[in-house]
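Just data.cif here, mmCIF, C-alpha atoms and all ligand atoms:
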data_target
#
loop_
_atom_site.group_PDB
_atom_site.id
_atom_site.type_symbol
_atom_site.label_atom_id
_atom_site.label_comp_id
_atom_site.auth_asym_id
_atom_site.auth_seq_id
_atom_site.Cartn_x
_atom_site.Cartn_y
_atom_site.Cartn_z
ATOM 1 C CA MET A 200 0.000 0.000 0.000
ATOM 2 C CA ILE A 201 1.305 3.471 -0.905
ATOM 3 C CA LYS A 202 1.409 5.877 2.029
ATOM 4 C CA ALA A 203 1.258 9.687 2.009
ATOM 5 C CA PHE A 204 0.630 12.359 4.649
ATOM 6 C CA VAL A 205 -0.029 15.986 5.450
ATOM 7 C CA VAL A 206 2.210 17.438 8.141
ATOM 8 C CA GLY A 207 1.565 20.643 10.067
ATOM 9 C CA HIS A 208 1.207 22.079 13.571
ATOM 10 C CA PRO A 209 -1.679 22.189 14.343
ATOM 11 C CA ILE A 210 -3.132 19.847 11.691
ATOM 12 C CA ALA A 211 -6.615 18.841 12.912
ATOM 13 C CA HIS A 212 -8.294 21.485 10.708
ATOM 14 C CA SER A 213 -6.681 20.297 7.464
ATOM 15 C CA ARG A 214 -9.079 19.304 4.679
ATOM 16 C CA SER A 215 -6.332 17.538 2.726
ATOM 17 C CA PRO A 216 -7.139 14.041 4.133
ATOM 18 C CA MET A 217 -10.709 14.485 2.910
ATOM 19 C CA ILE A 218 -9.543 15.521 -0.571
ATOM 20 C CA HIS A 219 -6.992 12.720 -1.023
ATOM 21 C CA GLY A 220 -9.226 10.187 0.739
ATOM 22 C CA HIS A 221 -12.009 10.981 -1.747
ATOM 23 C CA TRP A 222 -9.674 10.440 -4.713
ATOM 24 C CA LEU A 223 -8.258 7.193 -3.286
ATOM 25 C CA ALA A 224 -11.776 5.844 -2.757
ATOM 26 C CA THR A 225 -13.258 6.946 -6.090
ATOM 27 C CA LEU A 226 -10.231 5.740 -8.075
ATOM 28 C CA GLY A 227 -10.160 2.455 -6.124
ATOM 29 C CA LEU A 228 -6.460 2.777 -5.267
ATOM 30 C CA ASP A 229 -4.679 0.937 -2.478
ATOM 31 C CA GLY A 230 -3.237 3.898 -0.609
ATOM 32 C CA SER A 231 -3.481 5.893 2.588
ATOM 33 C CA TYR A 232 -3.197 9.586 3.410
ATOM 34 C CA GLN A 233 -2.812 10.565 7.045
ATOM 35 C CA ARG A 234 -2.562 13.727 9.157
ATOM 36 C CA ILE A 235 0.627 14.084 11.161
ATOM 37 C CA ASP A 236 1.173 16.742 13.818
ATOM 38 C CA VAL A 237 4.859 17.565 14.185
ATOM 39 C CA ALA A 238 6.202 20.391 16.361
ATOM 40 C CA PRO A 239 8.741 22.708 14.695
ATOM 41 C CA GLU A 240 11.653 21.366 16.782
ATOM 42 C CA ASP A 241 10.950 17.817 15.562
ATOM 43 C CA PHE A 242 10.468 18.601 11.886
ATOM 44 C CA ALA A 243 14.028 17.921 10.667
ATOM 45 C CA THR A 244 13.963 14.470 12.345
ATOM 46 C CA PHE A 245 10.544 13.815 10.787
ATOM 47 C CA LEU A 246 11.930 14.556 7.301
ATOM 48 C CA ARG A 247 14.919 12.264 7.812
ATOM 49 C CA GLY A 248 12.647 9.392 8.829
ATOM 50 C CA LEU A 249 10.229 9.585 5.890
ATOM 51 C CA LYS A 250 11.871 6.976 3.699
ATOM 52 C CA ALA A 251 12.380 4.457 6.531
ATOM 53 C CA ASP A 252 8.735 4.982 7.526
ATOM 54 C CA GLY A 253 7.691 3.920 4.026
ATOM 55 C CA PHE A 254 6.115 7.162 2.847
ATOM 56 C CA ALA A 255 5.974 8.008 -0.861
ATOM 57 C CA GLY A 256 5.649 11.668 0.102
ATOM 58 C CA GLY A 257 3.160 14.151 1.431
ATOM 59 C CA ASN A 258 1.936 17.692 1.844
ATOM 60 C CA VAL A 259 3.445 20.289 4.123
ATOM 61 C CA THR A 260 1.421 23.055 5.704
ATOM 62 C CA LEU A 261 1.937 25.806 8.299
ATOM 63 C CA PRO A 262 4.351 26.364 9.948
ATOM 64 C CA HIS A 263 6.688 23.958 8.117
ATOM 65 C CA LYS A 264 6.781 25.178 4.499
ATOM 66 C CA GLU A 265 10.096 27.019 4.866
ATOM 67 C CA ALA A 266 11.658 24.198 6.922
ATOM 68 C CA ALA A 267 10.645 21.726 4.201
ATOM 69 C CA PHE A 268 12.291 24.023 1.654
ATOM 70 C CA ALA A 269 15.497 23.945 3.723
ATOM 71 C CA GLY A 270 15.332 20.173 4.281
ATOM 72 C CA ALA A 271 14.579 18.948 0.735
ATOM 73 C CA GLU A 272 17.516 17.468 -1.207
ATOM 74 C CA VAL A 273 16.190 18.604 -4.589
ATOM 75 C CA LEU A 274 13.881 21.541 -5.346
ATOM 76 C CA THR A 275 11.624 22.228 -8.305
ATOM 77 C CA GLU A 276 11.825 25.576 -10.064
ATOM 78 C CA ALA A 277 8.476 26.593 -8.503
ATOM 79 C CA ALA A 278 9.671 25.803 -4.970
ATOM 80 C CA ARG A 279 12.872 27.773 -5.533
ATOM 81 C CA ARG A 280 10.944 30.750 -6.800
ATOM 82 C CA ILE A 281 8.468 30.769 -3.952
ATOM 83 C CA GLY A 282 11.005 29.848 -1.251
ATOM 84 C CA ALA A 283 8.640 27.351 0.355
ATOM 85 C CA VAL A 284 7.645 23.699 -0.142
ATOM 86 C CA ASN A 285 4.105 22.315 0.161
ATOM 87 C CA THR A 286 4.606 18.957 -1.591
ATOM 88 C CA LEU A 287 7.288 16.325 -0.910
ATOM 89 C CA SER A 288 8.090 13.194 -2.886
ATOM 90 C CA PHE A 289 11.121 11.084 -3.807
ATOM 91 C CA ASP A 290 12.720 11.492 -7.222
ATOM 92 C CA GLY A 291 14.053 8.664 -9.426
ATOM 93 C CA GLN A 292 17.265 8.559 -7.428
ATOM 94 C CA GLY A 293 15.498 8.372 -4.071
ATOM 95 C CA ARG A 294 16.242 11.979 -3.134
ATOM 96 C CA LEU A 295 13.680 13.982 -1.171
ATOM 97 C CA MET A 296 12.177 16.449 -3.649
ATOM 98 C CA GLY A 297 10.408 19.650 -2.611
ATOM 99 C CA ASP A 298 7.812 21.251 -4.860
ATOM 100 C CA ASN A 299 5.350 24.088 -4.451
ATOM 101 C CA THR A 300 1.970 23.526 -6.107
ATOM 102 C CA ASP A 301 0.189 26.566 -4.637
ATOM 103 C CA ALA A 302 1.012 28.653 -7.717
ATOM 104 C CA VAL A 303 -0.446 26.159 -10.196
ATOM 105 C CA GLY A 304 -3.329 25.573 -7.771
ATOM 106 C CA PHE A 305 -4.246 29.241 -7.981
ATOM 107 C CA THR A 306 -3.936 29.560 -11.759
ATOM 108 C CA ALA A 307 -5.721 26.241 -12.442
ATOM 109 C CA HIS A 308 -8.712 27.438 -10.451
ATOM 110 C CA LEU A 309 -8.577 30.840 -12.130
ATOM 111 C CA ASP A 310 -8.674 29.097 -15.523
ATOM 112 C CA GLU A 311 -11.526 26.885 -14.417
ATOM 113 C CA THR A 312 -13.600 29.825 -13.177
ATOM 114 C CA LEU A 313 -12.813 32.498 -15.772
ATOM 115 C CA GLY A 314 -11.544 30.537 -18.781
ATOM 116 C CA ARG A 315 -7.985 29.720 -19.779
ATOM 117 C CA ASP A 316 -7.435 32.752 -22.027
ATOM 118 C CA TRP A 317 -9.054 35.211 -19.727
ATOM 119 C CA LEU A 318 -5.761 36.739 -18.522
ATOM 120 C CA GLY A 319 -4.551 37.896 -21.912
ATOM 121 C CA THR A 320 -1.970 40.526 -22.669
ATOM 122 C CA ASP A 321 -2.764 44.234 -22.478
ATOM 123 C CA THR A 322 -5.994 43.653 -20.664
ATOM 124 C CA GLY A 323 -5.177 45.532 -17.483
ATOM 125 C CA ASP A 324 -3.271 45.052 -14.279
ATOM 126 C CA VAL A 325 -3.498 42.418 -11.605
ATOM 127 C CA VAL A 326 -3.667 44.001 -8.153
ATOM 128 C CA ILE A 327 -2.571 41.807 -5.254
ATOM 129 C CA LEU A 328 -3.465 42.626 -1.651
ATOM 130 C CA GLY A 329 -0.939 41.218 0.822
ATOM 131 C CA ALA A 330 2.663 40.074 0.557
ATOM 132 C CA GLY A 331 3.008 36.931 2.681
ATOM 133 C CA GLY A 332 3.784 33.392 1.524
ATOM 134 C CA ALA A 333 0.424 33.018 -0.201
ATOM 135 C CA ALA A 334 0.966 36.234 -2.182
ATOM 136 C CA ARG A 335 4.348 34.957 -3.312
ATOM 137 C CA ALA A 336 2.770 31.773 -4.674
ATOM 138 C CA VAL A 337 -0.042 33.680 -6.413
ATOM 139 C CA VAL A 338 2.421 36.096 -8.050
ATOM 140 C CA ALA A 339 4.701 33.220 -9.118
ATOM 141 C CA GLY A 340 1.694 31.557 -10.770
ATOM 142 C CA LEU A 341 0.610 34.750 -12.526
ATOM 143 C CA LEU A 342 4.150 35.314 -13.828
ATOM 144 C CA GLU A 343 3.714 32.157 -15.915
ATOM 145 C CA ARG A 344 0.943 33.963 -17.781
ATOM 146 C CA PRO A 345 1.064 36.652 -20.505
ATOM 147 C CA ALA A 346 2.758 39.889 -19.623
ATOM 148 C CA THR A 347 0.152 41.520 -17.429
ATOM 149 C CA ARG A 348 1.566 44.018 -14.935
ATOM 150 C CA ILE A 349 1.238 42.907 -11.325
ATOM 151 C CA LEU A 350 0.864 45.516 -8.563
ATOM 152 C CA VAL A 351 1.384 44.395 -4.962
ATOM 153 C CA ALA A 352 -0.066 46.425 -2.088
ATOM 154 C CA ASN A 353 0.789 45.506 1.463
ATOM 155 C CA ARG A 354 0.506 47.107 4.884
ATOM 156 C CA THR A 355 4.255 46.533 5.280
ATOM 157 C CA ARG A 356 5.655 47.890 2.033
ATOM 158 C CA SER A 357 9.056 46.196 2.317
ATOM 159 C CA ARG A 358 7.423 42.759 1.967
ATOM 160 C CA ALA A 359 5.687 43.906 -1.234
ATOM 161 C CA GLN A 360 9.050 45.082 -2.547
ATOM 162 C CA ALA A 361 10.547 41.675 -1.791
ATOM 163 C CA ILE A 362 7.824 40.055 -3.930
ATOM 164 C CA ALA A 363 8.471 42.537 -6.733
ATOM 165 C CA GLY A 364 11.968 41.045 -6.797
ATOM 166 C CA LEU A 365 10.471 37.906 -8.382
ATOM 167 C CA ASP A 366 10.428 39.842 -11.669
ATOM 168 C CA PRO A 367 11.010 43.597 -11.351
ATOM 169 C CA SER A 368 10.085 44.107 -15.007
ATOM 170 C CA ARG A 369 6.509 43.008 -14.314
ATOM 171 C CA VAL A 370 5.876 43.252 -10.582
ATOM 172 C CA GLU A 371 5.672 46.552 -8.732
ATOM 173 C CA ALA A 372 5.133 47.358 -5.053
ATOM 174 C CA ILE A 373 2.518 50.048 -4.435
ATOM 175 C CA ASP A 374 1.344 51.836 -1.288
ATOM 176 C CA TRP A 375 -1.737 50.500 0.462
ATOM 177 C CA ASP A 376 -2.951 54.110 0.372
ATOM 178 C CA GLY A 377 -2.557 54.087 -3.406
ATOM 179 C CA LEU A 378 -5.050 51.249 -3.909
ATOM 180 C CA ASP A 379 -7.967 53.397 -5.023
ATOM 181 C CA ALA A 380 -5.906 54.727 -7.927
ATOM 182 C CA ALA A 381 -4.340 51.353 -8.785
ATOM 183 C CA VAL A 382 -7.597 49.419 -9.035
ATOM 184 C CA ARG A 383 -8.986 51.758 -11.713
ATOM 185 C CA GLY A 384 -6.959 49.914 -14.324
ATOM 186 C CA ALA A 385 -7.322 46.445 -12.822
ATOM 187 C CA ARG A 386 -8.347 43.301 -14.644
ATOM 188 C CA LEU A 387 -8.055 41.110 -11.575
ATOM 189 C CA LEU A 388 -7.966 41.926 -7.858
ATOM 190 C CA VAL A 389 -6.729 39.199 -5.496
ATOM 191 C CA ASN A 390 -6.874 39.190 -1.697
ATOM 192 C CA THR A 391 -4.042 37.079 -0.290
ATOM 193 C CA THR A 392 -4.223 38.474 3.252
ATOM 194 C CA SER A 393 -5.955 36.590 6.041
ATOM 195 C CA LEU A 394 -8.477 39.431 6.425
ATOM 196 C CA GLY A 395 -12.070 38.312 5.964
ATOM 197 C CA MET A 396 -11.358 34.839 7.329
ATOM 198 C CA THR A 397 -13.689 33.595 10.077
ATOM 199 C CA GLY A 398 -12.458 35.142 13.326
ATOM 200 C CA LYS A 399 -10.282 37.792 11.650
ATOM 201 C CA PRO A 400 -11.120 41.450 10.936
ATOM 202 C CA GLN A 401 -12.721 42.287 7.601
ATOM 203 C CA LEU A 402 -10.731 43.562 4.684
ATOM 204 C CA ASP A 403 -11.592 47.226 4.652
ATOM 205 C CA ILE A 404 -11.368 48.348 1.036
ATOM 206 C CA ALA A 405 -13.908 50.125 -1.110
ATOM 207 C CA LEU A 406 -14.684 48.624 -4.507
ATOM 208 C CA ASP A 407 -16.095 51.911 -5.851
ATOM 209 C CA HIS A 408 -13.204 52.494 -8.244
ATOM 210 C CA VAL A 409 -12.852 48.914 -9.464
ATOM 211 C CA PRO A 410 -14.114 48.590 -13.053
ATOM 212 C CA VAL A 411 -16.952 46.109 -13.401
ATOM 213 C CA GLU A 412 -14.932 43.996 -15.899
ATOM 214 C CA CYS A 413 -12.387 43.341 -13.148
ATOM 215 C CA ALA A 414 -12.698 39.889 -11.562
ATOM 216 C CA VAL A 415 -12.228 39.603 -7.807
ATOM 217 C CA ALA A 416 -10.498 36.623 -6.196
ATOM 218 C CA ASP A 417 -9.955 35.696 -2.565
ATOM 219 C CA ILE A 418 -7.679 32.956 -1.296
ATOM 220 C CA VAL A 419 -9.620 32.803 1.988
ATOM 221 C CA TYR A 420 -12.093 29.866 1.809
ATOM 222 C CA SER A 421 -13.609 29.948 5.284
ATOM 223 C CA PRO A 422 -16.161 31.421 4.872
ATOM 224 C CA LEU A 423 -16.429 30.384 1.230
ATOM 225 C CA GLU A 424 -18.119 33.670 0.366
ATOM 226 C CA THR A 425 -15.951 36.239 2.126
ATOM 227 C CA PRO A 426 -17.311 39.774 2.704
ATOM 228 C CA LEU A 427 -15.025 40.886 -0.172
ATOM 229 C CA LEU A 428 -16.503 38.330 -2.593
ATOM 230 C CA ALA A 429 -20.050 39.100 -1.453
ATOM 231 C CA ALA A 430 -19.517 42.835 -2.056
ATOM 232 C CA ALA A 431 -17.908 42.133 -5.439
ATOM 233 C CA ALA A 432 -20.709 39.808 -6.563
ATOM 234 C CA ALA A 433 -23.291 42.413 -5.526
ATOM 235 C CA ARG A 434 -21.548 44.948 -7.782
ATOM 236 C CA GLY A 435 -21.594 42.531 -10.727
ATOM 237 C CA HIS A 436 -17.924 41.426 -10.721
ATOM 238 C CA ARG A 437 -16.981 37.864 -11.587
ATOM 239 C CA VAL A 438 -15.660 36.223 -8.428
ATOM 240 C CA VAL A 439 -13.109 33.470 -7.805
ATOM 241 C CA ASP A 440 -13.292 31.795 -4.395
ATOM 242 C CA GLY A 441 -10.397 30.405 -2.353
ATOM 243 C CA LEU A 442 -11.483 26.775 -2.190
ATOM 244 C CA GLY A 443 -10.478 25.977 -5.760
ATOM 245 C CA MET A 444 -6.832 26.781 -5.014
ATOM 246 C CA LEU A 445 -6.857 24.293 -2.136
ATOM 247 C CA LEU A 446 -8.402 21.576 -4.316
ATOM 248 C CA HIS A 447 -6.155 22.147 -7.338
ATOM 249 C CA GLN A 448 -2.888 22.389 -5.373
ATOM 250 C CA ALA A 449 -3.525 18.808 -4.240
ATOM 251 C CA VAL A 450 -3.541 17.344 -7.772
ATOM 252 C CA PRO A 451 0.228 17.162 -8.586
ATOM 253 C CA GLY A 452 1.154 15.526 -5.261
ATOM 254 C CA PHE A 453 -1.522 12.839 -5.575
ATOM 255 C CA GLU A 454 -0.379 12.044 -9.097
ATOM 256 C CA ARG A 455 3.255 11.745 -8.007
ATOM 257 C CA TRP A 456 2.596 9.462 -5.020
ATOM 258 C CA PHE A 457 -0.247 7.297 -6.301
ATOM 259 C CA GLY A 458 0.514 7.331 -10.058
ATOM 260 C CA THR A 459 -2.885 8.564 -11.285
ATOM 261 C CA ARG A 460 -3.810 12.163 -12.039
ATOM 262 C CA PRO A 461 -7.004 12.948 -10.122
ATOM 263 C CA VAL A 462 -9.694 15.398 -11.202
ATOM 264 C CA VAL A 463 -11.269 18.203 -9.188
ATOM 265 C CA THR A 464 -14.963 17.412 -9.618
ATOM 266 C CA PRO A 465 -18.101 19.236 -8.463
ATOM 267 C CA GLU A 466 -18.699 16.218 -6.201
ATOM 268 C CA LEU A 467 -15.362 16.719 -4.401
ATOM 269 C CA ARG A 468 -16.016 20.426 -4.080
ATOM 270 C CA ALA A 469 -19.458 19.799 -2.592
ATOM 271 C CA LEU A 470 -17.933 17.422 -0.050
ATOM 272 C CA ILE A 471 -15.516 20.047 1.222
ATOM 273 C CA VAL A 472 -18.111 22.827 1.112
ATOM 274 C CA ALA A 473 -20.410 20.710 3.309
ATOM 275 C CA ASP A 474 -17.553 20.186 5.767
ATOM 276 C CA LEU A 475 -16.730 23.908 5.815
ATOM 277 C CA VAL A 476 -20.327 24.726 6.644
ATOM 278 C CA THR A 477 -20.585 22.225 9.511
ATOM 279 C CA LYS A 478 -17.075 22.682 11.003
ATOM 280 C CA ARG A 479 -15.630 26.122 10.771
HETATM 281 P P1 LIG B 501 0.793 33.804 4.573
HETATM 282 O O1 LIG B 501 2.212 33.367 4.502
HETATM 283 O O2 LIG B 501 -0.176 32.696 4.882
HETATM 284 O O3 LIG B 501 0.366 34.619 3.391
HETATM 285 P P2 LIG B 501 1.541 35.949 6.396
HETATM 286 O O4 LIG B 501 2.933 35.860 5.978
HETATM 287 O O5 LIG B 501 1.277 36.097 7.836
HETATM 288 O O6 LIG B 501 0.664 34.710 5.917
HETATM 289 O O7 LIG B 501 0.859 37.150 5.576
HETATM 290 C C1 LIG B 501 -0.379 37.623 5.878
HETATM 291 C C2 LIG B 501 -0.691 38.841 5.004
HETATM 292 O O8 LIG B 501 -1.853 39.475 5.527
HETATM 293 C C3 LIG B 501 0.411 39.899 5.028
HETATM 294 O O9 LIG B 501 0.427 40.542 3.771
HETATM 295 C C4 LIG B 501 -0.062 40.831 6.125
HETATM 296 O O10 LIG B 501 0.462 42.149 6.028
HETATM 297 P P3 LIG B 501 1.884 42.514 6.715
HETATM 298 O O11 LIG B 501 2.934 41.982 5.805
HETATM 299 O O12 LIG B 501 1.886 43.994 6.777
HETATM 300 O O13 LIG B 501 1.883 41.858 8.054
HETATM 301 C C5 LIG B 501 -1.537 40.838 5.839
HETATM 302 N N1 LIG B 501 -2.298 41.277 7.006
HETATM 303 C C6 LIG B 501 -2.565 40.554 8.131
HETATM 304 N N2 LIG B 501 -3.315 41.292 8.985
HETATM 305 C C7 LIG B 501 -3.525 42.510 8.396
HETATM 306 C C8 LIG B 501 -4.236 43.715 8.759
HETATM 307 N N3 LIG B 501 -4.899 43.806 9.924
HETATM 308 N N4 LIG B 501 -4.234 44.745 7.864
HETATM 309 C C9 LIG B 501 -3.586 44.670 6.674
HETATM 310 N N5 LIG B 501 -2.900 43.552 6.286
HETATM 311 C C10 LIG B 501 -2.869 42.497 7.125
#

Structure re-expressed in structure tokens:
Amino acid sequence: MIKAFVVGHPIAHSRSPMIHGHWLATLGLDGSYQRIDVAPEDFATFLRGLKADGFAGGNVTLPHKEAAFAGAEVLTEAARRIGAVNTLSFDGQGRLMGDNTDAVGFTAHLDETLGRDWLGTDTGDVVILGAGGAARAVVAGLLERPATRILVANRTRSRAQAIAGLDPSRVEAIDWDGLDAAVRGARLLVNTTSLGMTGKPQLDIALDHVPVECAVADIVYSPLETPLLAAAAARGHRVVDGLGMLLHQAVPGFERWFGTRPVVTPELRALIVADLVTKR
């Protein structure tokens, strides 16, 4: 039986076992996917023991993504760019390989919701709110797309400048106070901050200057319809929720460990939505 895991601290809230468990069951594969809680001080030992414990690989979530980046023996281009690892597996030579699938998770869901060619060239800017790890992954994903300009606004400007370093010819840090002006030419607005999440303060931005053709995305998925998405939908914007990124980032890992590429279906989505509603 092939074994995989998700490791984090805490880990009880993770929906990944439900996602991978659904794919294992519907594809009829002989595999397991378990939650593992590992404290930061034990993480390096955990990584070293993976092969002996018989794991094919697994997912890494907070707070271990940077430690997994440091501990992997080989890194994919995406992981190097983002500076964090969310997916571990062993390569052909048995080396521990770190990948980051958050970027493709975001763009795959964007494609699914808005259409693959939606982010064309010369169609306007992408405005990103926030400059943490999630923003880095979203920007890395968008940089794989046609040459749209990406503007990053963050409370702490220096972190936005660090993200602009991913590709200074296309990514620019802007002041949080300059948002009203920046969104006037936006094609896509993405919230990557934790604001709007259940238990956190709301994201306090006015959508008055956002053109109606601009789509609005949120990476927060609890609640599924964040106050930002609700306000955007009420104004007639197309909206992209945060759950799709979670579902799509799981695809490459599953394929690597279990040998079959799974599909994000409406049935899987409904399963997770039902769980989000009952257990916040
Ligand atoms: P992650 O790695 O999951 O993205 P993070 O690194 O803690 O998490 O980043 C959270 C993001 O939300 C940051 O952009 C943070 O802004 P700062 O860099 O200035 O801290 C943003 N954020 C969190 N709380 C905020 C608040 N009350 N107002 C504005 N931005 C906030």

List as a Markdown table every residue of chain A that is in contact with ligand LIG 501 (chain B), defined as an atom at most 8 Å from one of its atoms (using all atoms listed in the file), together with the nearest atom pair and the distance in Å rounded to one decimal, sorted by chain and then rising number.
| residue | atom | partner | partner_atom | distance |
| --- | --- | --- | --- | --- |
| A:Leu261 | CA | B:LIG501 | O2 | 8.0 |
| A:Leu328 | CA | B:LIG501 | O9 | 7.0 |
| A:Gly329 | CA | B:LIG501 | O9 | 3.3 |
| A:Ala330 | CA | B:LIG501 | O9 | 3.9 |
| A:Gly331 | CA | B:LIG501 | O4 | 3.5 |
| A:Gly332 | CA | B:LIG501 | O1 | 3.4 |
| A:Ala333 | CA | B:LIG501 | O3 | 3.9 |
| A:Ala334 | CA | B:LIG501 | O3 | 5.8 |
| A:Arg335 | CA | B:LIG501 | O3 | 7.8 |
| A:Asn353 | CA | B:LIG501 | O9 | 5.5 |
| A:Arg354 | CA | B:LIG501 | O12 | 3.9 |
| A:Thr355 | CA | B:LIG501 | O12 | 3.8 |
| A:Arg356 | CA | B:LIG501 | O12 | 7.2 |
| A:Arg358 | CA | B:LIG501 | O11 | 6.0 |
| A:Ala359 | CA | B:LIG501 | O11 | 7.8 |
| A:Thr391 | CA | B:LIG501 | O3 | 6.2 |
| A:Thr392 | CA | B:LIG501 | O8 | 3.4 |
| A:Ser393 | CA | B:LIG501 | O8 | 5.0 |
| A:Leu394 | CA | B:LIG501 | N2 | 6.1 |
| A:Pro400 | CA | B:LIG501 | N3 | 6.7 |
| A:Leu402 | CA | B:LIG501 | N4 | 7.3 |

Enclose region 287-291 of chain A, meaning all of its atoms listed in the file, in a box aligned along x, y and z, pad it by 8 Å on each side, and list the centre and edge lengths in Å to one decimal, as lines of an AutoDock Vina configuration file.
center_x = 10.7
center_y = 12.5
center_z = -5.2
size_x = 22.8
size_y = 23.7
size_z = 24.5

Review point. Written as JSON, numbers by chain, what is the full residue list that the PyMOL selection byres (((chain A and resi 407) around 10) and not hetatm) yields on the file shown?
Key: {"A": [379, 382, 383, 404, 405, 406, 408, 409, 410, 411, 431, 434]}

Point to revise | Proximity to Val415 (chain A) - best of A:Gln360, A:Asn390, A:Thr260, A:Gln448, only C-alpha atoms | key: A:Asn390

Practice item. Fewer than 2 positions away in the same chain doesn't count, so skip those; otherwise give me all residues within 12 Å of Glu424 (chain A), counting all atoms listed in the file, as number ranges by chain. Key: A: 395-397, 415-422, 426-433, 438-442, 472, 475-476

I need the residues from that last selection saved to file as a CSV table (one decimal), in the coordinates of the input (with C-alpha atoms), if you can.
chain,number,residue,atom,x,y,z
A,395,GLY,CA,-12.1,38.3,6.0
A,396,MET,CA,-11.4,34.8,7.3
A,397,THR,CA,-13.7,33.6,10.1
A,415,VAL,CA,-12.2,39.6,-7.8
A,416,ALA,CA,-10.5,36.6,-6.2
A,417,ASP,CA,-10.0,35.7,-2.6
A,418,ILE,CA,-7.7,33.0,-1.3
A,419,VAL,CA,-9.6,32.8,2.0
A,420,TYR,CA,-12.1,29.9,1.8
A,421,SER,CA,-13.6,29.9,5.3
A,422,PRO,CA,-16.2,31.4,4.9
A,426,PRO,CA,-17.3,39.8,2.7
A,427,LEU,CA,-15.0,40.9,-0.2
A,428,LEU,CA,-16.5,38.3,-2.6
A,429,ALA,CA,-20.0,39.1,-1.5
A,430,ALA,CA,-19.5,42.8,-2.1
A,431,ALA,CA,-17.9,42.1,-5.4
A,432,ALA,CA,-20.7,39.8,-6.6
A,433,ALA,CA,-23.3,42.4,-5.5
A,438,VAL,CA,-15.7,36.2,-8.4
A,439,VAL,CA,-13.1,33.5,-7.8
A,440,ASP,CA,-13.3,31.8,-4.4
A,441,GLY,CA,-10.4,30.4,-2.4
A,442,LEU,CA,-11.5,26.8,-2.2
A,472,VAL,CA,-18.1,22.8,1.1
A,475,LEU,CA,-16.7,23.9,5.8
A,476,VAL,CA,-20.3,24.7,6.6

Excluding Ala283 (chain A) and its own-chain neighbours fewer than 2 positions away, which residues fall within 7 Å of it when counting only C-alpha atoms? Please give them as a PDB file with C-alpha atoms, in the coordinates of the input.
ATOM      1  CA  LYS A 264       6.781  25.178   4.499  1.00  0.00           C
ATOM      2  CA  GLU A 265      10.096  27.019   4.866  1.00  0.00           C
ATOM      3  CA  PHE A 268      12.291  24.023   1.654  1.00  0.00           C
ATOM      4  CA  ALA A 278       9.671  25.803  -4.970  1.00  0.00           C
ATOM      5  CA  ILE A 281       8.468  30.769  -3.952  1.00  0.00           C
ATOM      6  CA  ASN A 285       4.105  22.315   0.161  1.00  0.00           C
ATOM      7  CA  ASN A 299       5.350  24.088  -4.451  1.00  0.00           C
TER       8      ASN A 299
END

Skip His308 (chain A) itself and residues of its chain fewer than 2 positions away, then list as a short mmCIF file (atom, residue, chain, number, x, y, z; two decimals) with C-alpha atoms, in the frame of the given file all residues within 10 Å of it, counting all atoms listed in the file.
data_model
loop_
_atom_site.label_atom_id
_atom_site.label_comp_id
_atom_site.auth_asym_id
_atom_site.auth_seq_id
_atom_site.Cartn_x
_atom_site.Cartn_y
_atom_site.Cartn_z
CA VAL A 303 -0.45 26.16 -10.20
CA GLY A 304 -3.33 25.57 -7.77
CA PHE A 305 -4.25 29.24 -7.98
CA THR A 306 -3.94 29.56 -11.76
CA ASP A 310 -8.67 29.10 -15.52
CA GLU A 311 -11.53 26.88 -14.42
CA THR A 312 -13.60 29.82 -13.18
CA LEU A 313 -12.81 32.50 -15.77
CA GLY A 314 -11.54 30.54 -18.78
CA ARG A 315 -7.98 29.72 -19.78
CA VAL A 439 -13.11 33.47 -7.80
CA ASP A 440 -13.29 31.80 -4.39
CA GLY A 441 -10.40 30.40 -2.35
CA LEU A 442 -11.48 26.78 -2.19
CA GLY A 443 -10.48 25.98 -5.76
CA MET A 444 -6.83 26.78 -5.01
CA LEU A 445 -6.86 24.29 -2.14
CA LEU A 446 -8.40 21.58 -4.32
CA HIS A 447 -6.16 22.15 -7.34
CA GLN A 448 -2.89 22.39 -5.37
CA VAL A 463 -11.27 18.20 -9.19
#

**Study point:** Expected selection from the PyMOL selection byres (((chain A and resi 298) around 12) and not hetatm), given as a ChimeraX atom specification
**Key:** /A:256-259,264-265,267-290,295-297,299-303,336,448-449,451-452,455

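CA of Ala352 (chain A) is found 5.0 Å from CA of Ile373 (chain A).
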
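The gap separating CA of His208 (chain A) from CA of Lys250 (chain A) is 21.0 Å, in Å to one decimal.
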
Using the chain letters and numbers from the file, which residues does the PyMOL selection byres (((chain A and resi 366) around 12) and not hetatm) grab, as a short mmCIF file (atom, residue, chain, number, x, y, z; two decimals) with C-alpha atoms, keeping the file's coordinate frame?
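Written file, expr31.cif:
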data_model
loop_
_atom_site.label_atom_id
_atom_site.label_comp_id
_atom_site.auth_asym_id
_atom_site.auth_seq_id
_atom_site.Cartn_x
_atom_site.Cartn_y
_atom_site.Cartn_z
CA ARG A 280 10.94 30.75 -6.80
CA ARG A 335 4.35 34.96 -3.31
CA VAL A 338 2.42 36.10 -8.05
CA ALA A 339 4.70 33.22 -9.12
CA LEU A 341 0.61 34.75 -12.53
CA LEU A 342 4.15 35.31 -13.83
CA GLU A 343 3.71 32.16 -15.92
CA ALA A 346 2.76 39.89 -19.62
CA THR A 347 0.15 41.52 -17.43
CA ARG A 348 1.57 44.02 -14.94
CA ILE A 349 1.24 42.91 -11.32
CA LEU A 350 0.86 45.52 -8.56
CA GLN A 360 9.05 45.08 -2.55
CA ALA A 361 10.55 41.68 -1.79
CA ILE A 362 7.82 40.06 -3.93
CA ALA A 363 8.47 42.54 -6.73
CA GLY A 364 11.97 41.04 -6.80
CA LEU A 365 10.47 37.91 -8.38
CA PRO A 367 11.01 43.60 -11.35
CA SER A 368 10.09 44.11 -15.01
CA ARG A 369 6.51 43.01 -14.31
CA VAL A 370 5.88 43.25 -10.58
CA GLU A 371 5.67 46.55 -8.73
CA ALA A 372 5.13 47.36 -5.05
#
